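See structure below.
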Amino acid sequence: MVEITLDPLRPADVNQLLADALGCGPERSAALATLVLDKTQGNPFFINQFLVSLYKDRLIAFDPQSGAFSWDLDRIRRAGITDNVVDFMAKKLRRLSPSAQRVLTLAACIGHKFDLGTLALVDERPPEATAADLREALREGVVLPADAEHRYVHAAPDHGGEGGLPAGDIDASYRFLHDRVQQAAYSLVDEDRKQDLHLRIGRLMLARRELGERDEHLFDTVNHLNLGASRIASPDERTILARLNLAAGMKAKASAAYDVAAGYFGAGVSLVDEEGWEQDYELAFALHLEGADCGFLSGRSAEAEPLFNVSLTRARTDLDRAHVYARRILLFNTVARFDESVRCARTALALLGIELPEREDRIRAALAAELAEVPRNLASRQITELFDAPELKSPEHKAALTILTNVSAAILVAEPSLHALVCVKHANISLKHGHAEVSAWGYLIYAIVLVDQGRYAEAYEFGRLAMDLDEKMGCAVVSSKVKSSFAVFISPYREPLRRSFAYLAQAHRDGRETGDFQFASYSLLHGITSRLSHGVALGAVSEEIERSLPFLQRTRDVMSGLIVTSSKQMIANLRGCTLGHHTLSDGVFDEDEFSATLGAPNHEFMAAFYHIQRAQLAFLYGDHERALALIALAEPLRPYLANMWMSTEVPFYASLILLALCPKAPGAEQARYASEIARHAADVAAWAESCPENFRHKHLLISAERARVSGDDAAATDLYEEAIKAAQESEFLHHEALSNELAARFHLAKGRMKIARMYMADAAHGYARWGAEAKVAQLHGAHAELTPRGPAAETARPPRPTMTPAPGATSSEDSRLYGALEEKVRERTAALEEAQAKVIRLEREVADKRMAGGFAREIEDALAGAKLALARALGQDESSSRPCLTFDSGVELGKLHEELSLRFSDEEMERMSGRLQHIFENQEELDAALRLAFKATDHALAVAREIIRLSAEAHGG
């Protein structure tokens with residue numbers, strides 16, 4: 001069943017509806033439409049009922065002589081018809097017989113849907129008699145049958161069902177025509193009778209439930225009993241109802257209906273008095289604790305706090321008090337009161353005999369002791385063998401794991417020096433005593449400690465174990481935490497960063513479904529910042545931000561909301577939508593006001609993100625001094641990031657910033673810079689060895705810049721090209737552009753204008769593809785002679801310079817450059833030929849699954865265009881005078897005659913020079929053809945997939 005919500009009709013729609021119904025022109029019905037709209041406010045249901053009422057009251061009548069409907073507006077106005085739909089329907093219902101009204105009011109108390117059996121029980125008459133009184137409402141259309149059984153019940157004339165099947169043997173179901181009709185029928189019940197009726201209905205439903213209907217009608221039963229609870233005098237019955245509210249609340253909570261669950265727990269709490277705490281402590285404690293839990297999960301933190309306080313005061317055991325503190329930690333996490341979260345954890349763990357030390361020396365000693373315990377607790381088992389470890393039995397250890405789980409994220413913000421200790425302690429409990437539902441989280445956060453120690457392979461094994469255990473256990477408490485943290489802390493050191501996007505998306509879905517809104521928010525935050533770090537198109541990241549902000553606002557996750565807002569303004573800056581390169585302010589967002597919050601308690605995590613992003617912008621725009629000051633602010637905040645992906649941006653950008661400043665720095669500063677660069681470069685090199693997909697291009701770019709500063713031009717030349725290629729292969733678009741820009745500046749400083757122009761054009765093209773219009777504009781302004789001009793600059797590259805090898809050249813560096821050129825030519829040729837083969841294969845595949853109509857013609861045209869463009873680019877078209885090739889990144893063509901003559905004959909040299917000449921003369925045209933080919937190919941692939949899908953569906957159907 002699909003529910004369609006009808007919005008109020010507009011005046012023109014109401015008039016057209018009346019004109020069609022009354023068979024007249026809109027100009028004649030306009031005045032009536034205005035009156036109808038005034039009475040009904042455009043409510044479609046009310047309009048229909050209103051018009052039927054006017055017709056029945058002969059205020060609208062059909063005139064046989066004129067063959068048209070007629071009405072008298074003054075008579076309609078004088079009729080005193082109410083503009084309240086419930087009052088209007090109540091007046092209509094009062095026209096029914098008293099017996100029909102009575103049975104309708106009872107049905108309204110039951111609900112929008114009801115069955116004959118329940119209605120007869122409430123009516124306290126045989127089903128046949130109740131069915132007879134209901135027949136009038138069915139005829140009038142205010143009640144409708146909900147199944148086919150009613151045909152047997154109402155098959156006979158109006159005398160108790162005689163002539164049909166006995167109504168008692170059939171339990172037909174019905175529903176009110178509209179919720180407003182039910183409300184109108186309910187309004188006919190005297191207020192002092194409603195509670196009694198609901199209590200009677202609830203008791204009857206409970207009796208039926210106890211006879212075997214189980215939980216099928218649990219919510220309906222409890223709702224009725226709660227409405228009549230004030231009439232219950234028996235302590236035993238009040239206790240029964242409190243237990244039913246606990247059951248209903250737990251059922252609603254399991255479905256993530258936290259607001260509904262909080263209502264049931266609150267109703268149960270209201271039934272428990274002082275005597276209730278004494279007679280049924282477990283019931284009273286559970287109602288208060290679960291009520292507090294769902295209070296904050298539904299966003300009602302102010303209502304949750306008093307329930308937590310009562311639970312703590314009334315708790316009889318240390319274990320129960322620890323459970324209260326465990327839930328309270330989550331409340332403090334949600335409202336960013338992380339210091340209080342950590343205090344709660346210390347108190348709770350102390351109740352269980354576990355100490356979280358406060359002094360730094362004691363923290364270090366405790367951590368060393370816990371780390372030494374790991375191999376003993378592992379007991380020669382392989383990490384993969386832990387998957388089948390026994391179940392944890394001790395309730396105290398289970399409670400300790402829950403507390404450590406709940407506080408782990410807060411400790412990272414409030415007391416990062418404690419984080420490693422909490423992580424290792426969590427893992428040790430599971431290693432030593434067995435697995436609880438939350439053990440997956442312990443292994444995951446222990447893996448984070450291993451990352452900090454540089455043990456990336458081992459960390460990844462524990463991370464994968466955590467992911468597998470999470471899938472096995474299906475624990476709602478940690479599912480979002482495990483996936484989110486694996487994506488942020490573990491995966492980037494062993495897997496391509498883009499894989500983390502899927503982990504984070506699933507973590508967000510899990511968090512929303514299970515009520516872990518804290519990590520559901522974190523998943524959105526890291527999904528956005530990871531995409532920014534990967535160089536995903538800024539427009540796409542901006543759209544992701546706009547989709548995420550409403551959720552962050554609803555969950556009141558202040559920290560995540562601030563970081564996402566900062567990221568949003570970073571994108572605005574890069575796209576040229578702020579007040580300048582130097583600021584995130586845009587006329588609406590005030591960066592000064594925003595940055596003033598950085599010094600607030602527990603804002604170090606957010607401050608780290610902010611300073612890193614601002615340092616990236618400053619470096620990108622060439623403001624190296626400012627970039628250095630900003631990255632220096634981020635450096636001491638890295639412990640708050642605990643080796644998450646964002647922390648790896650610090651060594652990378654710090655190295656590039658220091659290398660940019662180093663040549664002009666005083667001697668003493670140069671030595672200090674060199675030491676810091678070596679330290680940062682060592683980190684990036686280690687990461688590149690562990691995960692080349694994410695870090696190799698960064699390592700190569702740092703190495704290129706170090707070679708530049710040291711004067712090793714030959715090495716720098718090779719390393720820049722390798723960095724560009726590695727960034728391209730790993731799809732770090734913005735780093736590919738940055739590598740091209742730095743290579744261009746290197747060659748420009750050496751006076752190689754032609755090669756600098758090639759690299760700078762590729763840099764501008766890359767930044768444009770990324771969406772950084774402000775950066776592209778800066779390059780055009782600062783290097784107009786090196787970059788393309790005009791609106792085509794975003795996609796077009798300038799022609800490569802014409803170069804003919806001149807005799808007498810002996811440069812080994814030039815020889816290396818020419819070798820790189822040959823490699824580029826071979827790569828481009830192979831890429832073009834592969835694309836051409838793909839198009840041909842696709843054409844055949846589509847031909848096999850061809851469908852009639854313009855759709856097939858569209859794909860044939862696209863494929864033909866792609867084939868033609870590729871053939872021209874490869875020199876296979878008849879109109880082509882000679883073969884011609886193209887390549888992405890230009891390299892300098894020096895004077896290579898002497899070196900090349902050792903490798904090629906004179907005839908080969910002459911032929912090669914002619915080919916290169918043709919490349920450079922036709923470069924812009926060839927690039928345009930290639931772009932056309934790729935565009936046509938992409939379009940052809942998309943259309944072909946759709947054709948194949950539709951064809952498969954058609955054959956399957």
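By order in the structure tokens, chains are A, B, ...; within a chain, residues start at 1; ligands start at 1, following the order shown.
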
With only C-alpha atoms as the counted atoms, please give the residues lying no more than 7 Å from segment 35-50 of chain A, apart from itself and same-chain residues fewer than 3 positions off, as an mmCIF file with N, CA, C and O atoms, in the first residue's frame.
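Generated output (around_21.cif):
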data_model
loop_
_atom_site.group_PDB
_atom_site.id
_atom_site.type_symbol
_atom_site.label_atom_id
_atom_site.label_comp_id
_atom_site.auth_asym_id
_atom_site.auth_seq_id
_atom_site.Cartn_x
_atom_site.Cartn_y
_atom_site.Cartn_z
ATOM 1 N N PRO A 8 -3.361 20.924 0.405
ATOM 2 C CA PRO A 8 -4.563 21.724 0.118
ATOM 3 C C PRO A 8 -4.585 22.183 -1.333
ATOM 4 O O PRO A 8 -3.551 22.548 -1.902
ATOM 5 N N LEU A 9 -5.778 22.144 -1.920
ATOM 6 C CA LEU A 9 -5.913 22.563 -3.318
ATOM 7 C C LEU A 9 -5.821 24.080 -3.434
ATOM 8 O O LEU A 9 -6.257 24.819 -2.553
ATOM 9 N N ARG A 10 -5.254 24.533 -4.539
ATOM 10 C CA ARG A 10 -5.151 25.970 -4.805
ATOM 11 C C ARG A 10 -6.501 26.503 -5.296
ATOM 12 O O ARG A 10 -7.331 25.728 -5.789
ATOM 13 N N PRO A 11 -6.717 27.806 -5.195
ATOM 14 C CA PRO A 11 -8.006 28.373 -5.645
ATOM 15 C C PRO A 11 -8.370 27.978 -7.069
ATOM 16 O O PRO A 11 -9.522 27.621 -7.347
ATOM 17 N N ALA A 31 -17.497 32.187 -7.947
ATOM 18 C CA ALA A 31 -17.975 32.684 -6.645
ATOM 19 C C ALA A 31 -18.210 31.528 -5.679
ATOM 20 O O ALA A 31 -17.891 31.605 -4.484
ATOM 21 N N LEU A 32 -18.791 30.424 -6.181
ATOM 22 C CA LEU A 32 -19.009 29.250 -5.336
ATOM 23 C C LEU A 32 -17.673 28.667 -4.889
ATOM 24 O O LEU A 32 -17.514 28.249 -3.736
ATOM 25 N N SER A 53 -22.801 17.356 1.126
ATOM 26 C CA SER A 53 -23.771 17.898 2.088
ATOM 27 C C SER A 53 -24.648 18.956 1.425
ATOM 28 O O SER A 53 -25.871 18.990 1.638
ATOM 29 N N LEU A 54 -24.049 19.831 0.617
ATOM 30 C CA LEU A 54 -24.843 20.856 -0.090
ATOM 31 C C LEU A 54 -25.853 20.205 -1.017
ATOM 32 O O LEU A 54 -27.012 20.658 -1.133
ATOM 33 N N ASP A 83 -16.803 25.961 9.386
ATOM 34 C CA ASP A 83 -15.579 25.820 8.598
ATOM 35 C C ASP A 83 -14.575 24.902 9.303
ATOM 36 O O ASP A 83 -13.406 24.832 8.927
ATOM 37 N N VAL A 85 -13.695 21.072 9.964
ATOM 38 C CA VAL A 85 -14.063 19.815 9.333
ATOM 39 C C VAL A 85 -14.564 18.786 10.344
ATOM 40 O O VAL A 85 -15.490 18.014 10.068
#

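Within 8 Å of Asp115 of chain A, once only C-alpha atoms are used and residues closer than 6 positions along the same chain are dropped, the contacting residues are A:Asp171, A:Ala172, A:Ser173, A:Tyr174.
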
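As for atom CA of Arg238 of chain A and atom CA of Ser301 of chain A, they are spaced 27.4 Å apart.
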
TODO: List the neighbours of segment 491-497 of chain A out to 6 Å using only C-alpha atoms; skip same-chain residues closer than 4 positions along the sequence, and give me the result as a PyMOL selection string.
DONE: chain A and resi 486-487+691+693-694

Mind writing the picked residues with C-alpha atoms as a PDB file, in the first residue's frame?
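Once written, part_25.pdb looks like this:
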ATOM      1  CA  PHE A 486      37.937   1.435  10.321  1.00  0.00           C
ATOM      2  CA  ALA A 487      37.414   3.845   7.437  1.00  0.00           C
ATOM      3  CA  CYS A 691      49.797   2.049   1.129  1.00  0.00           C
ATOM      4  CA  GLU A 693      47.774   4.158  -3.514  1.00  0.00           C
ATOM      5  CA  ASN A 694      47.300   6.955  -0.976  1.00  0.00           C
TER       6      ASN A 694
END

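When atom CA of Leu552 of chain A is paired with atom CA of Cys475 of chain A, their separation reads 23.4 Å.
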
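For the residues A:Ile240, A:Leu197, A:Leu349, A:Lys92, ranking by smallest atom-to-atom distance to Leu121 of chain A using only C-alpha atoms places A:Leu197 first.
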